[in-house]
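Remarks on the structure that follows.
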Amino acid sequence: MRSHLQNLLAGQSLFLVGGGKMGMALLDGWLAAGLEPSQFLVQDPKPSEALKNSGVALNPDAKSLAAHAPDITILAIKPQFIEAVLPALSLPDGSLVVSLMAGVPLATLSDMLGDKLACIRTMPNTPAAIGKGMTGLYADAQTTPDQRGATEALLQAVGQTVWLDTEAAIDSVTAISGSGPAYIFHMAEAMASAGEQLGLSRDIARQLAEQTLVGAAAMLEQMDTPSAQLRQNVTSPGGTTQAALDVLMADDGLGQLMHRATKAAQARAVALAQIGSDTKKD
């Protein structure tokens, strides 16, 4: 049985610019969902063995790119490479560009690629590598409903998606889900370190911390119960969990710390976007 993605993108060609970790995570998800390697061109200066063995066409020259006439171009490169990469791309008018680049506004993409392309800006996160990603999307006014649907299907092949009402909201998405996996990984580190300070061996403390986070995340995913209720369900008044939460939920506790952390991430995302806009004007 053909997948939704197969049906939606049947006969369409895709050009993936950037075959790094995120690019490969997406490509793996798309191929697993039934898209054909023959539908893809991939540009990467140092392709991995996995990319070389994926069956896609690599590093097309201008003639090959023109012949392929990609319907959708996915930009999965680091923002600092845009001036070296984007001006060299020659894409068909009316085709769709999907950007995964943090801090690069749609106005910059339009300036560097031309204003006859439809553009969608996205912010995925690294759990896309295991099909558990979370992606925020924002489309410009030139994007058609079909192009929005195709982009949504592409990103849903590696996780969940949410559409945003404003481009500025991408900066908030970056602060919460884009950077969020690192917060969880650090929490695992902090819990394991605390376990060692309580007298546990390093290996046991790490196993306890990491599996606790894995199990709790699975409960969030599988149970139709808000996180606040799940917290209350495992907290007995006057018990050990309550004693710990009294510290974590204090005025200067985890909530305030997370607010400060995400505000810092959002502010950095806004600053990067401004750098991108200034680059456009140079």
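In the structure tokens, the first chain shown is A, the next is B, and so on; residue numbers restart at 1 for each chain, and ligands run from 1 in the order shown.
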Please run DSSP on the backbone and report, as a VMD selection string, all residues within stretch 42-261 of chain A that come out as strand (DSSP E). chain A and resid 42 to 43 57 to 58 72 to 75 96 to 99 118 to 123 133 to 139 159 to 163
The selected residues should be written to file as a short mmCIF file (atom, residue, chain, number, x, y, z; two decimals), in the first residue's frame (atoms: N, CA and C atoms).
```cif
data_model
loop_
_atom_site.label_atom_id
_atom_site.label_comp_id
_atom_site.auth_asym_id
_atom_site.auth_seq_id
_atom_site.Cartn_x
_atom_site.Cartn_y
_atom_site.Cartn_z
N VAL A 42 21.00 15.33 -4.29
CA VAL A 42 21.52 15.78 -3.02
C VAL A 42 22.88 16.45 -3.26
N GLN A 43 23.01 17.64 -2.69
CA GLN A 43 24.27 18.37 -2.81
C GLN A 43 24.96 18.40 -1.46
N ALA A 57 21.05 10.72 -6.53
CA ALA A 57 22.06 11.36 -7.38
C ALA A 57 22.76 12.45 -6.57
N LEU A 58 24.09 12.45 -6.60
CA LEU A 58 24.86 13.36 -5.77
C LEU A 58 25.49 14.49 -6.58
N ILE A 72 10.71 20.77 -5.30
CA ILE A 72 10.93 21.17 -3.91
C ILE A 72 12.43 21.14 -3.63
N THR A 73 12.96 22.23 -3.09
CA THR A 73 14.35 22.29 -2.66
C THR A 73 14.38 22.44 -1.15
N ILE A 74 15.10 21.57 -0.49
CA ILE A 74 15.20 21.60 0.97
C ILE A 74 16.59 22.08 1.35
N LEU A 75 16.67 23.17 2.09
CA LEU A 75 17.94 23.75 2.49
C LEU A 75 18.27 23.28 3.91
N LEU A 96 9.17 25.31 -4.84
CA LEU A 96 9.12 25.52 -3.41
C LEU A 96 10.49 25.35 -2.78
N VAL A 97 10.84 26.26 -1.88
CA VAL A 97 12.06 26.16 -1.08
C VAL A 97 11.65 25.97 0.38
N VAL A 98 12.15 24.92 1.00
CA VAL A 98 11.90 24.64 2.41
C VAL A 98 13.21 24.82 3.16
N SER A 99 13.25 25.79 4.04
CA SER A 99 14.48 26.10 4.77
C SER A 99 14.44 25.52 6.18
N ALA A 118 8.35 30.10 -3.99
CA ALA A 118 7.60 30.00 -2.74
C ALA A 118 8.54 29.48 -1.66
N CYS A 119 8.44 30.03 -0.46
CA CYS A 119 9.37 29.64 0.61
C CYS A 119 8.62 29.29 1.89
N ILE A 120 9.07 28.25 2.53
CA ILE A 120 8.56 27.86 3.84
C ILE A 120 9.75 27.72 4.77
N ARG A 121 9.65 28.39 5.90
CA ARG A 121 10.72 28.32 6.90
C ARG A 121 10.31 27.33 7.99
N THR A 122 11.21 26.46 8.38
CA THR A 122 10.89 25.44 9.38
C THR A 122 11.95 25.41 10.47
N MET A 123 11.57 24.86 11.61
CA MET A 123 12.51 24.62 12.70
C MET A 123 12.26 23.22 13.24
N GLY A 133 10.64 13.66 15.75
CA GLY A 133 10.91 15.08 15.67
C GLY A 133 9.70 15.95 15.95
N MET A 134 9.97 17.23 16.17
CA MET A 134 8.93 18.25 16.32
C MET A 134 9.35 19.44 15.48
N THR A 135 8.50 19.87 14.55
CA THR A 135 8.86 20.93 13.61
C THR A 135 7.80 22.01 13.59
N GLY A 136 8.24 23.25 13.73
CA GLY A 136 7.37 24.41 13.50
C GLY A 136 7.56 24.90 12.08
N LEU A 137 6.47 25.32 11.42
CA LEU A 137 6.53 25.76 10.03
C LEU A 137 5.83 27.09 9.85
N TYR A 138 6.40 27.92 8.96
CA TYR A 138 5.78 29.19 8.58
C TYR A 138 5.96 29.39 7.08
N ALA A 139 4.88 29.69 6.39
CA ALA A 139 4.90 29.82 4.93
C ALA A 139 4.71 31.27 4.51
N GLY A 159 8.22 12.96 12.29
CA GLY A 159 7.71 13.44 13.56
C GLY A 159 6.43 14.23 13.42
N GLN A 160 6.20 15.15 14.33
CA GLN A 160 5.00 15.97 14.34
C GLN A 160 5.31 17.38 13.84
N THR A 161 4.25 18.08 13.40
CA THR A 161 4.42 19.45 12.89
C THR A 161 3.36 20.37 13.48
N VAL A 162 3.68 21.65 13.48
CA VAL A 162 2.71 22.67 13.88
C VAL A 162 2.94 23.90 13.01
N TRP A 163 1.85 24.48 12.48
CA TRP A 163 1.94 25.69 11.67
C TRP A 163 1.89 26.92 12.56
#
```
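Once stretch 215-228 of chain A and its same-chain neighbours fewer than 6 positions away are set aside, Lys132, Gln160, Pro181, Ile184, Gln207, Leu208, Ala209, Val234 and Thr235 of chain A remain within 12 Å of it when counting only C-alpha atoms.
Atom pair atom CA of A:His68 / atom CA of A:Ser13 has a distance of 6.9 Å (rounded to one decimal).
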Skipping near chain neighbours, those fewer than 5 positions away, what residues fall within 9 Å of A:Ile204 using only C-alpha atoms, listed as an NGL selection string? :A and (192 or 195-196 or 209)
